[in-house]
$ cat work.txt   # compact mmCIF, C-alpha atoms
# COMPACT_ATOMS: atom_id res chain seq x y z
CA MET A 11 66.07 -1.21 -45.00
CA SER A 12 67.55 0.52 -41.98
CA THR A 13 68.06 -0.70 -38.43
CA ARG A 14 65.60 0.62 -35.85
CA LEU A 15 64.49 0.05 -32.28
CA VAL A 16 61.25 -1.89 -31.90
CA GLU A 17 58.61 -0.29 -29.68
CA ASP A 18 55.74 -2.77 -30.04
CA PRO A 19 56.23 -6.37 -28.80
CA ASP A 20 53.38 -7.52 -31.05
CA GLU A 21 55.55 -6.69 -34.05
CA LEU A 22 58.19 -9.16 -32.88
CA ALA A 23 55.54 -11.68 -31.85
CA GLU A 24 54.41 -11.76 -35.48
CA LEU A 25 57.98 -12.31 -36.69
CA PHE A 26 58.91 -15.00 -34.18
CA GLY A 27 55.46 -16.58 -34.22
CA ARG A 28 56.02 -17.78 -37.78
CA ASP A 29 58.26 -20.48 -36.29
CA LYS A 30 57.16 -20.74 -32.67
CA HIS A 31 59.12 -23.93 -32.01
CA LEU A 32 62.35 -22.15 -32.98
CA HIS A 33 61.71 -19.02 -30.90
CA LEU A 34 60.37 -20.25 -27.56
CA TYR A 35 62.62 -17.95 -25.56
CA ALA A 36 62.15 -14.86 -27.71
CA LEU A 37 58.37 -15.10 -27.54
CA ALA A 38 58.42 -15.43 -23.75
CA ASP A 39 60.85 -12.49 -23.54
CA LEU A 40 58.23 -10.25 -25.17
CA GLU A 41 56.17 -10.40 -21.96
CA GLU A 42 56.77 -8.79 -18.59
CA PRO A 43 58.94 -8.59 -16.61
CA TYR A 44 61.31 -8.91 -19.57
CA TRP A 45 59.91 -6.52 -22.18
CA SER A 46 60.15 -3.26 -20.20
CA ALA A 47 63.73 -4.11 -19.18
CA SER A 48 64.84 -4.90 -22.75
CA GLN A 49 65.82 -3.31 -26.04
CA TRP A 50 65.14 -4.88 -29.41
CA TRP A 51 66.55 -3.91 -32.79
CA ARG A 52 65.20 -4.98 -36.17
CA ASN A 53 66.22 -4.66 -39.79
CA GLY A 54 63.76 -6.40 -42.07
CA ASP A 55 63.38 -9.94 -40.75
CA ALA A 56 66.65 -9.75 -38.80
CA ALA A 57 66.21 -9.14 -35.08
CA LEU A 58 68.34 -8.84 -31.96
CA GLY A 59 67.34 -8.26 -28.35
CA LEU A 60 69.24 -7.12 -25.27
CA VAL A 61 66.94 -8.85 -22.79
CA GLY A 62 66.73 -7.80 -19.15
CA LEU A 63 66.30 -10.62 -16.63
CA PRO A 64 64.52 -10.32 -13.25
CA ASP A 65 67.82 -10.42 -11.35
CA GLY A 66 69.19 -7.43 -13.25
CA GLN A 67 71.38 -9.33 -15.70
CA THR A 68 71.08 -8.88 -19.45
CA ILE A 69 71.51 -11.42 -22.22
CA VAL A 70 71.53 -11.07 -25.99
CA TYR A 71 69.10 -12.99 -28.20
CA ALA A 72 70.19 -12.96 -31.84
CA VAL A 73 68.29 -15.74 -33.57
CA SER A 74 65.95 -15.16 -36.50
CA SER A 75 64.92 -18.17 -38.53
CA ALA A 76 63.53 -15.77 -41.15
CA ASP A 77 66.91 -14.10 -41.80
CA PRO A 78 69.92 -15.66 -40.05
CA VAL A 79 72.46 -13.98 -42.34
CA GLY A 80 70.83 -10.61 -41.78
CA THR A 81 70.84 -11.17 -38.03
CA LEU A 82 74.62 -11.68 -38.10
CA ALA A 83 74.92 -8.42 -40.04
CA LEU A 84 72.67 -6.66 -37.52
CA ALA A 85 74.79 -7.97 -34.64
CA ARG A 86 77.91 -6.71 -36.39
CA GLU A 87 76.30 -3.27 -36.79
CA ILE A 88 75.35 -2.77 -33.12
CA ALA A 89 77.96 -4.91 -31.33
CA ASP A 90 79.62 -1.81 -29.84
CA GLN A 91 76.29 -0.85 -28.17
CA LEU A 92 76.05 -4.12 -26.24
CA PRO A 93 77.61 -4.85 -22.84
CA PRO A 94 79.67 -7.97 -22.01
CA THR A 95 77.08 -10.71 -21.56
CA LEU A 96 75.79 -14.14 -22.49
CA ILE A 97 74.79 -14.33 -26.15
CA THR A 98 72.46 -16.79 -27.84
CA GLY A 99 72.66 -16.41 -31.58
CA VAL A 100 72.73 -17.91 -35.00
CA THR A 101 75.72 -20.05 -35.90
CA GLY A 102 78.82 -17.86 -36.15
CA ILE A 103 77.68 -15.21 -33.66
CA ALA A 104 80.85 -15.49 -31.54
CA SER A 105 83.01 -14.59 -34.53
CA VAL A 106 80.97 -11.43 -35.06
CA PHE A 107 81.63 -10.19 -31.53
CA GLY A 108 85.24 -11.31 -31.64
CA GLU A 109 85.81 -9.32 -34.82
CA ALA A 110 84.19 -6.33 -33.10
CA GLY A 111 86.90 -6.44 -30.42
CA GLN A 112 84.95 -8.28 -27.73
CA GLY A 113 86.81 -10.90 -25.72
CA ILE A 114 85.19 -14.33 -25.97
CA VAL A 115 85.21 -16.20 -22.64
CA TRP A 116 83.75 -19.40 -24.10
CA GLN A 117 81.60 -20.55 -26.99
CA ARG A 118 79.75 -23.77 -27.84
CA GLY A 119 77.17 -25.14 -30.22
CA TYR A 120 73.66 -26.15 -29.24
CA HIS A 121 70.66 -27.89 -30.75
CA ARG A 122 67.04 -26.95 -30.12
CA PHE A 123 64.52 -29.77 -29.91
CA HIS A 124 60.74 -29.49 -29.91
CA LEU A 125 58.18 -32.07 -28.85
CA THR A 126 56.44 -33.54 -31.88
CA ASP A 127 55.03 -36.81 -30.56
CA ARG A 128 53.59 -36.67 -27.04
CA SER A 129 52.63 -40.35 -27.21
CA LEU A 130 56.32 -41.20 -26.73
CA VAL A 131 56.65 -39.25 -23.47
CA PRO A 132 56.97 -41.74 -20.56
CA ALA A 133 54.35 -41.77 -17.85
CA VAL A 134 55.16 -39.84 -14.69
CA ASP A 135 57.46 -41.89 -12.46
CA GLN A 136 56.09 -42.24 -8.92
CA LEU A 137 59.38 -40.85 -7.58
CA VAL A 138 58.84 -37.54 -9.38
CA GLN A 139 57.10 -34.90 -7.27
CA PRO A 140 56.06 -31.29 -8.02
CA LEU A 141 58.19 -28.50 -6.53
CA ASP A 142 57.35 -24.91 -5.64
CA ARG A 143 58.90 -21.84 -4.01
CA SER A 144 59.16 -23.65 -0.66
CA ASP A 145 61.74 -25.96 -2.25
CA LEU A 146 64.13 -23.14 -3.19
CA ASP A 147 66.79 -23.96 -0.59
CA ALA A 148 66.84 -27.63 -1.63
CA ALA A 149 67.08 -26.65 -5.30
CA LEU A 150 69.93 -24.22 -4.70
CA ALA A 151 71.81 -26.84 -2.68
CA LEU A 152 71.52 -29.35 -5.52
CA TYR A 153 72.64 -26.91 -8.23
CA GLN A 154 75.57 -25.85 -6.04
CA VAL A 155 77.00 -29.36 -6.37
CA ASP A 156 78.17 -28.35 -9.86
CA PRO A 157 77.85 -24.56 -10.24
CA GLY A 158 77.17 -23.47 -13.80
CA ALA A 159 76.14 -26.91 -15.01
CA ALA A 160 72.50 -25.82 -15.31
CA PHE A 161 71.07 -22.33 -15.71
CA PHE A 162 68.63 -21.59 -12.89
CA GLU A 163 67.10 -18.47 -11.39
CA PRO A 164 64.97 -18.58 -8.20
CA THR A 165 62.09 -16.82 -9.99
CA MET A 166 61.71 -19.88 -12.22
CA LEU A 167 60.22 -21.85 -9.34
CA GLY A 168 57.27 -19.50 -9.43
CA LEU A 169 56.22 -20.74 -12.88
CA GLY A 170 54.63 -23.87 -11.40
CA THR A 171 56.57 -26.19 -13.68
CA PHE A 172 59.38 -27.71 -11.61
CA VAL A 173 59.56 -31.30 -10.45
CA GLY A 174 62.16 -33.29 -8.55
CA VAL A 175 63.23 -36.59 -7.07
CA ARG A 176 64.36 -37.00 -3.48
CA ALA A 177 66.46 -39.61 -1.70
CA ASP A 178 66.66 -39.56 2.11
CA ASP A 179 64.96 -36.12 2.04
CA ASP A 180 67.68 -34.67 -0.21
CA LEU A 181 66.78 -33.43 -3.67
CA ILE A 182 68.84 -35.46 -6.17
CA ALA A 183 67.24 -34.61 -9.52
CA ILE A 184 65.35 -31.57 -10.78
CA ALA A 185 63.89 -30.03 -13.93
CA GLY A 186 61.54 -27.21 -14.83
CA THR A 187 61.18 -24.50 -17.42
CA HIS A 188 63.42 -21.58 -18.21
CA VAL A 189 60.48 -19.80 -19.82
CA LEU A 190 56.75 -20.35 -20.13
CA SER A 191 54.27 -18.16 -21.95
CA GLU A 192 50.65 -19.21 -21.97
CA LYS A 193 49.88 -16.16 -24.12
CA HIS A 194 52.10 -17.44 -26.92
CA GLY A 195 51.64 -21.12 -26.06
CA VAL A 196 55.34 -21.92 -25.62
CA ALA A 197 57.61 -23.37 -22.95
CA GLY A 198 61.32 -24.09 -22.82
CA ILE A 199 62.30 -26.96 -20.52
CA GLY A 200 65.53 -26.27 -18.66
CA ALA A 201 67.46 -26.34 -15.39
CA VAL A 202 67.63 -30.14 -15.74
CA PHE A 203 70.18 -31.52 -13.30
CA THR A 204 70.92 -34.82 -11.56
CA HIS A 205 73.34 -35.18 -8.67
CA PRO A 206 76.54 -36.86 -9.95
CA ASP A 207 76.16 -39.68 -7.41
CA HIS A 208 72.78 -40.62 -8.88
CA ARG A 209 73.39 -40.44 -12.62
CA GLY A 210 72.85 -43.37 -14.94
CA GLN A 211 69.51 -44.24 -13.33
CA GLY A 212 67.24 -42.45 -15.80
CA LEU A 213 66.38 -39.64 -13.42
CA GLY A 214 67.06 -36.90 -15.97
CA ALA A 215 64.56 -38.42 -18.37
CA ALA A 216 62.09 -38.98 -15.53
CA VAL A 217 62.07 -35.36 -14.37
CA THR A 218 61.97 -34.09 -17.96
CA ALA A 219 58.87 -36.23 -18.57
CA GLY A 220 57.45 -34.95 -15.30
CA VAL A 221 57.74 -31.36 -16.48
CA ILE A 222 56.05 -32.19 -19.79
CA HIS A 223 53.09 -33.75 -17.99
CA ARG A 224 52.89 -30.79 -15.62
CA ILE A 225 52.74 -28.17 -18.40
CA GLY A 226 51.17 -30.18 -21.23
CA ASP A 227 47.73 -28.62 -20.90
CA ARG A 228 49.10 -25.07 -20.56
CA VAL A 229 51.03 -24.72 -23.84
CA ASP A 230 51.00 -26.35 -27.26
CA THR A 231 54.70 -25.92 -28.11
CA ILE A 232 57.36 -27.42 -25.84
CA GLY A 233 61.08 -27.38 -26.52
CA LEU A 234 64.47 -27.76 -24.91
CA ASN A 235 68.14 -27.19 -25.67
CA CYS A 236 71.11 -29.54 -25.68
CA THR A 237 74.81 -29.02 -26.36
CA GLU A 238 76.18 -30.53 -29.55
CA SER A 239 78.59 -32.65 -27.51
CA ASN A 240 75.91 -34.28 -25.30
CA THR A 241 75.03 -37.14 -27.63
CA ALA A 242 73.59 -39.30 -24.83
CA ALA A 243 71.01 -36.66 -23.87
CA ARG A 244 70.14 -36.06 -27.51
CA ARG A 245 69.35 -39.77 -27.97
CA ILE A 246 67.11 -39.69 -24.89
CA TYR A 247 65.19 -36.67 -26.15
CA LEU A 248 64.61 -38.29 -29.54
CA ARG A 249 63.21 -41.40 -27.84
CA MET A 250 60.89 -39.17 -25.81
CA GLY A 251 59.24 -37.71 -28.90
CA PHE A 252 61.41 -34.64 -29.51
CA ALA A 253 62.75 -33.66 -32.93
CA GLN A 254 65.86 -31.61 -33.59
CA CYS A 255 64.90 -28.35 -35.27
CA LEU A 256 67.63 -25.70 -34.91
CA ALA A 257 71.39 -25.44 -34.55
CA TYR A 258 72.66 -22.30 -32.84
CA ASP A 259 75.59 -20.99 -30.82
CA GLU A 260 76.07 -19.52 -27.39
CA CYS A 261 79.02 -17.54 -26.11
CA GLU A 262 79.99 -15.17 -23.33
CA THR A 263 81.78 -11.92 -23.99
CA SER A 264 84.09 -10.06 -21.62
CA GLY A 265 84.19 -6.61 -23.17
CA SER A 266 86.86 -5.03 -25.32
CA SER A 267 89.75 -7.42 -25.80
CA GLY A 268 92.05 -4.45 -25.85
CA SER A 269 91.04 -3.11 -22.44
$ encode --input "work.txt" --output "structure tokens"
Amino acid sequence: MSTRLVEDPDELAELFGRDKHLHLYALADLEEPYWSASQWWRNGDAALGLVGLPDGQTIVYAVSSADPVGTLALAREIADQLPPTLITGVTGIASVFGEAGQGIVWQRGYHRFHLTDRSLVPAVDQLVQPLDRSDLDAALALYQVDPGAAFFEPTMLGLGTFVGVRADDDLIAIAGTHVLSEKHGVAGIGAVFTHPDHRGQGLGAAVTAGVIHRIGDRVDTIGLNCTESNTAARRIYLRMGFAQCLAYDECETSGSSGS
């Protein structure tokens, strides 16, 4: 088979829909505003997307549960066509771009979890309240406490999924979804963050549960991501009814290492 650009998002929806719980992000990226700002390549069951985000950034998605080895080969083939960016890919993806001459800023391993037993999700804590676009300034102020600790874009507040906890009118814990597609029935919980002064009180679990209850009747497949090193969070997610389903890598490239 030969590598080609994909013109029909339904073609990729069929591929990724075989394992929806593994491809929450990819399925959501097949909708607008992402699709028209993106490019996707495919070779057999291997797939890779250069996905355009609403703020103008691009990220690479290079996960295919149907052909992980082929996806690495596809990434190797087109690496020189991709700009420096954040990459989510099958295990070993950073090595592919490093071998292609890209500088690697950082790399780390992640685990994907998906919700398999909703009966284990705690009830909504009375401290947890829904958030919307009017809470943007408070959300930005909280994330700024530790920049880069949680991925958040202002457009995410428009999904109607975010919740938070306040203390003395200040937002001290927050969570929502990175992506949500009612068409494909998937959501990826993300942007979970608790102020360092208020950790150890169960607020992260409380806001995560709050998001699940807020979106539970909108999608049938809910997942989230966790770094390999965050064993405490992984234990919490397992107690809440999540099951680990995928190991993958993320990295950031900086362009040609020789430039």
$ closest_residue --input "work.txt" --among "A:Asp55, A:Glu24, A:Asp230, A:Asp18" --to "Ala72 of chain A" --atoms "only C-alpha atoms"
A:Asp55
$ atom_distance --input "work.txt" --atom1 "atom CA of Arg176 of chain A" --atom2 "atom CA of Ala148 of chain A"
9.9 Å
$ atom_distance --input "work.txt" --atom1 "atom CA of Asn235 of chain A" --atom2 "atom CA of Glu87 of chain A"
27.6 Å
$ atom_distance --input "work.txt" --atom1 "atom CA of Asp145 of chain A" --atom2 "atom CA of Ala197 of chain A"
21.3 Å
$ closest_residue --input "work.txt" --among "A:Pro140, A:Gly210, A:Gly158, A:Gly220" --to "Leu181 of chain A" --atoms "all atoms listed in the file"
A:Pro140
$ axis_aligned_box --input "work.txt" --around "segment 52-67 of chain A" --padding-each-side "4 Å" --output "JSON"
{"center_x": 67.4, "center_y": -7.6, "center_z": -26.7, "size_x": 16.0, "size_y": 14.0, "size_z": 38.7}
$ closest_residue --input "work.txt" --among "A:Pro164, A:Gly99, A:Gly111, A:Pro132" --to "Asp65 of chain A" --atoms "all atoms listed in the file"
A:Pro164
$ residues_around --input "work.txt" --residues "Gly214 of chain A" --least-positions-apart "5" --cutoff "7 Å" --atoms "all atoms listed in the file" --output "PyMOL selection string"
chain A and resi 183+202-204
$ closest_residue --input "work.txt" --among "A:Cys236, A:Ala76, A:Ala85, A:Val131" --to "Gly27 of chain A" --atoms "all atoms listed in the file"
A:Ala76
$ closest_residue --input "work.txt" --among "A:Ala257, A:Val100, A:Leu141, A:Leu37" --to "Val79 of chain A" --atoms "only C-alpha atoms"
A:Val100
$ closest_residue --input "work.txt" --among "A:Trp116, A:Leu213, A:Asp207, A:His124" --to "Val155 of chain A" --atoms "all atoms listed in the file"
A:Asp207
$ residues_around --input "work.txt" --residues "Arg52 of chain A" --least-positions-apart "5" --cutoff "10 Å" --atoms "only C-alpha atoms" --output "count of residues only"
13
$ residues_near_point --input "work.txt" --point "(61.9, -24.6, -16.9)" --cutoff "7 Å" --atoms "only C-alpha atoms" --output "list of chain:residue names"
A:Met166, A:Thr171, A:Phe172, A:Ala185, A:Gly186, A:Thr187, A:His188, A:Val189, A:Gly198, A:Ile199, A:Gly200, A:Ala201
$ residues_near_point --input "work.txt" --point "(56.0, -11.1, -19.5)" --cutoff "12 Å" --atoms "only C-alpha atoms" --output "VMD selection string"
chain A and resid 19 35 to 48 61 to 64 169 189 to 194
$ write_last_selection --input "work.txt" --atoms "C-alpha atoms" --output "PDB file, keeping the file's coordinate frame"
ATOM      1  CA  PRO A  19      56.230  -6.370 -28.800  1.00  0.00           C
ATOM      2  CA  TYR A  35      62.620 -17.950 -25.560  1.00  0.00           C
ATOM      3  CA  ALA A  36      62.150 -14.860 -27.710  1.00  0.00           C
ATOM      4  CA  LEU A  37      58.370 -15.100 -27.540  1.00  0.00           C
ATOM      5  CA  ALA A  38      58.420 -15.430 -23.750  1.00  0.00           C
ATOM      6  CA  ASP A  39      60.850 -12.490 -23.540  1.00  0.00           C
ATOM      7  CA  LEU A  40      58.230 -10.250 -25.170  1.00  0.00           C
ATOM      8  CA  GLU A  41      56.170 -10.400 -21.960  1.00  0.00           C
ATOM      9  CA  GLU A  42      56.770  -8.790 -18.590  1.00  0.00           C
ATOM     10  CA  PRO A  43      58.940  -8.590 -16.610  1.00  0.00           C
ATOM     11  CA  TYR A  44      61.310  -8.910 -19.570  1.00  0.00           C
ATOM     12  CA  TRP A  45      59.910  -6.520 -22.180  1.00  0.00           C
ATOM     13  CA  SER A  46      60.150  -3.260 -20.200  1.00  0.00           C
ATOM     14  CA  ALA A  47      63.730  -4.110 -19.180  1.00  0.00           C
ATOM     15  CA  SER A  48      64.840  -4.900 -22.750  1.00  0.00           C
ATOM     16  CA  VAL A  61      66.940  -8.850 -22.790  1.00  0.00           C
ATOM     17  CA  GLY A  62      66.730  -7.800 -19.150  1.00  0.00           C
ATOM     18  CA  LEU A  63      66.300 -10.620 -16.630  1.00  0.00           C
ATOM     19  CA  PRO A  64      64.520 -10.320 -13.250  1.00  0.00           C
ATOM     20  CA  LEU A 169      56.220 -20.740 -12.880  1.00  0.00           C
ATOM     21  CA  VAL A 189      60.480 -19.800 -19.820  1.00  0.00           C
ATOM     22  CA  LEU A 190      56.750 -20.350 -20.130  1.00  0.00           C
ATOM     23  CA  SER A 191      54.270 -18.160 -21.950  1.00  0.00           C
ATOM     24  CA  GLU A 192      50.650 -19.210 -21.970  1.00  0.00           C
ATOM     25  CA  LYS A 193      49.880 -16.160 -24.120  1.00  0.00           C
ATOM     26  CA  HIS A 194      52.100 -17.440 -26.920  1.00  0.00           C
TER      27      HIS A 194
END
